Amino acid sequence: MRVELDVKVPIDSTLEEELKKLGIEAEFEIVRKSLDARKKPYYLYRIVIDLPEEVAEKLIREGKVREYKGVEELSIPVISIRKSVLIVGTGPAGLFAALILAEAGFDVTVVERGKPVEERVKDVSRFWKERKLDENSNVQFGEGGAGTFSDGKLTTRVKDKKKHFVYRVFVECGAPREILYENKPHIGTDKLQEVIPNLRKKLQDLGVVFRFSTRLERLKVRDGKVEEVHLKDLKTGIETVEKFDYIFLAIGNSARDTFEMLRREGIALEAKPFAVGLRVVHRQRTIDRMQYGKFFKHPNLPPADYSLTYRGRERNVFSFCMCPGGYVICASSEDSSVVCNGMSNYKRDSGYANSAIVVQVFPEDFENDPFKAIDFQRALERAAFVMGGSNYTMPAQKVWDFIEGQSSSKLIEGGYIPEIKSARLDRLLPEPIAEHIKEAFLYWSKKIPFFVPGNATFVGVETRTSSPLRIVRREDYSSISADNLFPIGEGAGYAGGITSSAIDGINGALSLIERLKK
């Protein structure tokens, strides 16, 4: 019988040593691993072992083990009549929707305005070195979506067991096996750039056709249905008009020109809350000391992270997309604008930590008009571009100088790509947002030892935390404006992060399959 039990492992010991103390010598499988750092840090493992039935039942009665239930496998029904599907976007939502639909027997075509990972990485590197931005192949656009240049976090608040399916697919494609059981799994940018091409190959083996450097130009809607799709080959400039039975929009939250097109074509959109702010950079050892106390130098502890919230008078302030051992990167996708984001490699070994510190903004701030919200984002990004010297250098200011309203003479020495420049970020942000950030840091400086050292540095500006709009859809994931149009993922306003976006793509695909079965 397969049973599970929890094993506490001090940081000076190993799982094997603790199992030996318990008299367990059978082969085991790790199904969960978490770190408790509240006092003396220790790891808590949940393992599964096979025991003779009589022995297992005795230990279950004694409360020493539990029967292992396992995780239910995802079942993908097969359709009887082949239908054609166009998927726009190769982020997690688009790729996992393509996987489910291909497994179910659809003819799947995936278009992506950006380039394959191998070429995209070169374009991003060129941008950081030479400051030459390709507006279709950059940190935001290209194979894998914006998450390809991130920490590769897989944690999610979505309580959907399909996350285990997502993790298994990533492992099949080369991700570290520990993402199957880590409490806070992550892949890292460097590993993602290996995993995503392998996932593409898996999809191609299922018959999925990929067309890169191909942008969606128009959807022609008639009588509540998309009749034609206009696609433009960005290399040749040739535009084609094509027909598909179903269209999945997995366009990401930075596809502003596509949002404009959808508005023109009468697709229902609505404003939604999002958040804007700055990135804060610390030395990683500062965060380790904050979280681990006197054990902060222990070699068996990973680079520490944090999650903070401050309840302001009118708006909440919170940390977002914290990247241990990472970098703040310039993540621009539009000419003459600066956007920053966080990125970590698998080992998280840069020596620096960063996190977005953002303030809530609401639809009523923009008269419930999502395009006024986009104008607000753009204005901040263009002002940041000018503040940095109009060459994609990111403007920066020490945290205490931001609070006290003065210029910074010396900034933190690392943890950013490609470059930062001293600027008055306290004057960049609208006053209500700047004041809420100041209040939050004054509060945290009193409550959390070491969190606000003298060299902690803000980098701006963080505007792409989530989509400022939602493409309105029904419960079956189809647009209320076009019955064969399925908006999915972060750009559609229904997910945030790699795992939740992938799950949203899976659920959209399964919903279409269920519709056809009926």
# chains A, B, ... in the order shown; residues from 1 in each chain; ligands from 1

$ residues_around --residues "range 204-208 of chain A" --least-positions-apart "3" --cutoff "12 Å" --atoms "only C-alpha atoms" --output "PyMOL selection string"
chain A and resi 84-87+94-111+197-201+211

$ residues_around --residues "range 452-468 of chain A" --least-positions-apart "5" --cutoff "7 Å" --atoms "only C-alpha atoms" --output "PyMOL selection string"
chain A and resi 253+271-282+338-341+356+370+373-374+377+381+384+394-400+411-412+445+490-491+493+496

$ select_by_dssp --residues "range 125-331 of chain A" --states "alpha helix (DSSP H)" --output "PyMOL selection string"
chain A and resi 125-130+162-172+189-205+256-264+284-292

$ residues_around --residues "Pro185 in chain A" --least-positions-apart "3" --cutoff "8 Å" --atoms "only C-alpha atoms" --output "ChimeraX atom specification"
/A:153-155,178-182

$ residues_around --residues "range 330-333 of chain A" --least-positions-apart "4" --cutoff "8 Å" --atoms "only C-alpha atoms" --output "VMD selection string"
chain A and resid 128 133 to 136 138 to 141 254 337 to 341 392 to 394 417 to 418

$ residues_around --residues "range 423-427 of chain A" --least-positions-apart "2" --cutoff "8 Å" --atoms "only C-alpha atoms" --output "PyMOL selection string"
chain A and resi 387-388+395-397+402-403+405-408+421+429-431+434+458+460

$ write_last_selection --atoms "N, CA and C atoms" --output "CSV table (one decimal), in the first residue's frame"
chain,number,residue,atom,x,y,z
A,387,MET,N,13.5,60.5,-18.1
A,387,MET,CA,14.3,60.6,-16.8
A,387,MET,C,15.6,59.8,-16.9
A,388,GLY,N,15.5,58.7,-17.6
A,388,GLY,CA,16.7,57.9,-17.6
A,388,GLY,C,17.7,58.4,-18.7
A,395,PRO,N,15.6,54.9,-14.7
A,395,PRO,CA,15.8,55.9,-13.6
A,395,PRO,C,15.7,55.2,-12.3
A,396,ALA,N,16.5,55.7,-11.3
A,396,ALA,CA,16.6,55.1,-10.0
A,396,ALA,C,16.8,56.1,-8.9
A,397,GLN,N,16.5,55.7,-7.7
A,397,GLN,CA,16.6,56.6,-6.5
A,397,GLN,C,16.6,55.8,-5.3
A,402,PHE,N,13.9,58.9,-1.8
A,402,PHE,CA,12.6,59.0,-2.3
A,402,PHE,C,11.6,59.5,-1.2
A,403,ILE,N,11.8,58.9,0.0
A,403,ILE,CA,10.9,59.3,1.1
A,403,ILE,C,11.2,60.7,1.5
A,405,GLY,N,12.5,63.1,-0.4
A,405,GLY,CA,12.4,64.1,-1.5
A,405,GLY,C,13.7,64.7,-1.9
A,406,GLN,N,14.8,63.9,-2.1
A,406,GLN,CA,16.0,64.5,-2.6
A,406,GLN,C,16.7,63.6,-3.5
A,407,SER,N,17.7,64.1,-4.3
A,407,SER,CA,18.4,63.3,-5.3
A,407,SER,C,19.4,62.3,-4.6
A,408,SER,N,19.7,61.3,-5.3
A,408,SER,CA,20.6,60.3,-4.8
A,408,SER,C,22.0,60.4,-5.5
A,421,LYS,N,20.2,55.1,-13.7
A,421,LYS,CA,20.7,56.5,-13.6
A,421,LYS,C,19.9,57.2,-12.5
A,429,LEU,N,6.0,59.6,-10.2
A,429,LEU,CA,4.7,59.0,-9.9
A,429,LEU,C,3.7,60.0,-9.5
A,430,PRO,N,2.5,59.8,-9.8
A,430,PRO,CA,1.4,60.7,-9.3
A,430,PRO,C,1.5,60.8,-7.8
A,431,GLU,N,1.2,61.9,-7.2
A,431,GLU,CA,1.3,62.1,-5.8
A,431,GLU,C,0.7,61.1,-4.9
A,434,ALA,N,2.9,57.9,-5.0
A,434,ALA,CA,4.2,58.1,-4.4
A,434,ALA,C,4.0,58.2,-2.9
A,458,PHE,N,15.2,52.2,-5.4
A,458,PHE,CA,14.1,52.1,-6.3
A,458,PHE,C,14.5,52.2,-7.7
A,460,GLY,N,12.6,52.5,-11.7
A,460,GLY,CA,11.2,52.7,-12.3
A,460,GLY,C,11.2,52.5,-13.8

$ closest_residue --among "A:Arg264, A:Lys517, A:Glu112, A:Arg313" --to "Lys232 in chain A" --atoms "only C-alpha atoms"
A:Glu112

$ residues_around --residues "range 66-68 of chain A" --least-positions-apart "5" --cutoff "8 Å" --atoms "only C-alpha atoms" --output "PyMOL selection string"
chain A and resi 1-5+48+60

$ atom_distance --atom1 "CA of Lys518 in chain A" --atom2 "CA of Asp504 in chain A"
21.2 Å

$ select_by_dssp --residues "range 318-366 of chain A" --states "strand (DSSP E or B)" --output "PDB file with N, CA and C atoms, in the first residue's frame"
ATOM      1  N   PHE A 318       1.594  46.723  -2.082  1.00  0.00           N
ATOM      2  CA  PHE A 318       2.032  45.341  -1.874  1.00  0.00           C
ATOM      3  C   PHE A 318       3.235  45.020  -2.744  1.00  0.00           C
ATOM      4  N   SER A 319       4.002  44.025  -2.286  1.00  0.00           N
ATOM      5  CA  SER A 319       5.112  43.526  -3.097  1.00  0.00           C
ATOM      6  C   SER A 319       4.544  42.572  -4.132  1.00  0.00           C
ATOM      7  N   PHE A 320       5.222  42.482  -5.271  1.00  0.00           N
ATOM      8  CA  PHE A 320       4.700  41.691  -6.392  1.00  0.00           C
ATOM      9  C   PHE A 320       5.875  41.124  -7.162  1.00  0.00           C
ATOM     10  N   CYS A 321       5.792  39.842  -7.521  1.00  0.00           N
ATOM     11  CA  CYS A 321       6.809  39.212  -8.367  1.00  0.00           C
ATOM     12  C   CYS A 321       8.206  39.415  -7.778  1.00  0.00           C
ATOM     13  N   MET A 322       8.365  38.964  -6.528  1.00  0.00           N
ATOM     14  CA  MET A 322       9.654  39.105  -5.861  1.00  0.00           C
ATOM     15  C   MET A 322      10.656  38.128  -6.475  1.00  0.00           C
ATOM     16  N   CYS A 323      11.854  38.617  -6.788  1.00  0.00           N
ATOM     17  CA  CYS A 323      12.880  37.814  -7.462  1.00  0.00           C
ATOM     18  C   CYS A 323      14.124  37.707  -6.585  1.00  0.00           C
ATOM     19  N   TYR A 327      17.608  40.148 -11.043  1.00  0.00           N
ATOM     20  CA  TYR A 327      17.944  41.440 -11.644  1.00  0.00           C
ATOM     21  C   TYR A 327      16.658  42.210 -11.954  1.00  0.00           C
ATOM     22  N   VAL A 328      16.736  43.528 -11.858  1.00  0.00           N
ATOM     23  CA  VAL A 328      15.711  44.379 -12.457  1.00  0.00           C
ATOM     24  C   VAL A 328      16.130  44.600 -13.897  1.00  0.00           C
ATOM     25  N   ILE A 329      15.206  44.323 -14.826  1.00  0.00           N
ATOM     26  CA  ILE A 329      15.556  44.439 -16.240  1.00  0.00           C
ATOM     27  C   ILE A 329      14.691  45.490 -16.921  1.00  0.00           C
ATOM     28  N   CYS A 330      15.254  46.121 -17.937  1.00  0.00           N
ATOM     29  CA  CYS A 330      14.467  46.996 -18.790  1.00  0.00           C
ATOM     30  C   CYS A 330      13.647  46.097 -19.719  1.00  0.00           C
ATOM     31  N   CYS A 340      10.142  48.473 -16.291  1.00  0.00           N
ATOM     32  CA  CYS A 340      11.049  47.536 -15.630  1.00  0.00           C
ATOM     33  C   CYS A 340      10.290  46.298 -15.171  1.00  0.00           C
ATOM     34  N   ASN A 341      11.030  45.215 -15.016  1.00  0.00           N
ATOM     35  CA  ASN A 341      10.470  43.951 -14.558  1.00  0.00           C
ATOM     36  C   ASN A 341      11.564  43.219 -13.776  1.00  0.00           C
ATOM     37  N   GLY A 342      11.198  42.093 -13.158  1.00  0.00           N
ATOM     38  CA  GLY A 342      12.162  41.306 -12.413  1.00  0.00           C
ATOM     39  C   GLY A 342      12.477  40.003 -13.121  1.00  0.00           C
ATOM     40  N   MET A 343      13.714  39.542 -12.995  1.00  0.00           N
ATOM     41  CA  MET A 343      14.159  38.319 -13.654  1.00  0.00           C
ATOM     42  C   MET A 343      15.188  37.618 -12.766  1.00  0.00           C
ATOM     43  N   TYR A 352      21.740  39.822  -5.559  1.00  0.00           N
ATOM     44  CA  TYR A 352      20.791  40.920  -5.332  1.00  0.00           C
ATOM     45  C   TYR A 352      19.357  40.399  -5.394  1.00  0.00           C
ATOM     46  N   ALA A 353      18.478  41.043  -4.654  1.00  0.00           N
ATOM     47  CA  ALA A 353      17.059  40.693  -4.657  1.00  0.00           C
ATOM     48  C   ALA A 353      16.265  41.905  -5.127  1.00  0.00           C
ATOM     49  N   ASN A 354      15.144  41.648  -5.794  1.00  0.00           N
ATOM     50  CA  ASN A 354      14.281  42.768  -6.175  1.00  0.00           C
ATOM     51  C   ASN A 354      12.822  42.347  -6.124  1.00  0.00           C
ATOM     52  N   SER A 355      11.966  43.326  -5.982  1.00  0.00           N
ATOM     53  CA  SER A 355      10.525  43.086  -6.003  1.00  0.00           C
ATOM     54  C   SER A 355       9.825  44.352  -6.470  1.00  0.00           C
ATOM     55  N   ALA A 356       8.732  44.166  -7.194  1.00  0.00           N
ATOM     56  CA  ALA A 356       7.871  45.310  -7.469  1.00  0.00           C
ATOM     57  C   ALA A 356       7.193  45.728  -6.165  1.00  0.00           C
ATOM     58  N   ILE A 357       7.105  47.021  -5.956  1.00  0.00           N
ATOM     59  CA  ILE A 357       6.310  47.591  -4.860  1.00  0.00           C
ATOM     60  C   ILE A 357       5.265  48.472  -5.530  1.00  0.00           C
ATOM     61  N   VAL A 358       4.032  48.016  -5.515  1.00  0.00           N
ATOM     62  CA  VAL A 358       3.017  48.652  -6.361  1.00  0.00           C
ATOM     63  C   VAL A 358       1.790  49.060  -5.552  1.00  0.00           C
ATOM     64  N   VAL A 359       1.060  50.007  -6.124  1.00  0.00           N
ATOM     65  CA  VAL A 359      -0.110  50.596  -5.483  1.00  0.00           C
ATOM     66  C   VAL A 359      -1.325  50.315  -6.355  1.00  0.00           C
ATOM     67  N   GLN A 360      -2.427  49.975  -5.731  1.00  0.00           N
ATOM     68  CA  GLN A 360      -3.654  49.691  -6.475  1.00  0.00           C
ATOM     69  C   GLN A 360      -4.146  50.927  -7.226  1.00  0.00           C
ATOM     70  N   VAL A 361      -4.612  50.702  -8.438  1.00  0.00           N
ATOM     71  CA  VAL A 361      -5.388  51.706  -9.170  1.00  0.00           C
ATOM     72  C   VAL A 361      -6.673  51.029  -9.640  1.00  0.00           C
TER      73      VAL A 361
END

$ residues_around --residues "Asp160 in chain A" --least-positions-apart "4" --cutoff "9 Å" --atoms "only C-alpha atoms" --output "compact mmCIF listing (two decimals) with N, CA and C atoms, in the first residue's frame"
# COMPACT_ATOMS: atom_id res chain seq x y z
N HIS A 164 -0.80 20.59 -11.40
CA HIS A 164 0.11 19.45 -11.40
C HIS A 164 0.37 18.95 -12.82
N SER A 500 -1.22 30.16 -13.51
CA SER A 500 -2.64 30.49 -13.65
C SER A 500 -3.01 30.76 -15.10
N ILE A 503 -3.31 27.34 -16.77
CA ILE A 503 -4.57 26.70 -16.36
C ILE A 503 -5.75 27.34 -17.08

$ closest_residue --among "A:Thr214, A:Gln193, A:Asn484, A:Asn183" --to "Ser137 in chain A" --atoms "only C-alpha atoms"
A:Thr214

$ closest_residue --among "A:Ser344, A:Gly70, A:Val226, A:Ile76" --to "Asp483 in chain A" --atoms "only C-alpha atoms"
A:Val226
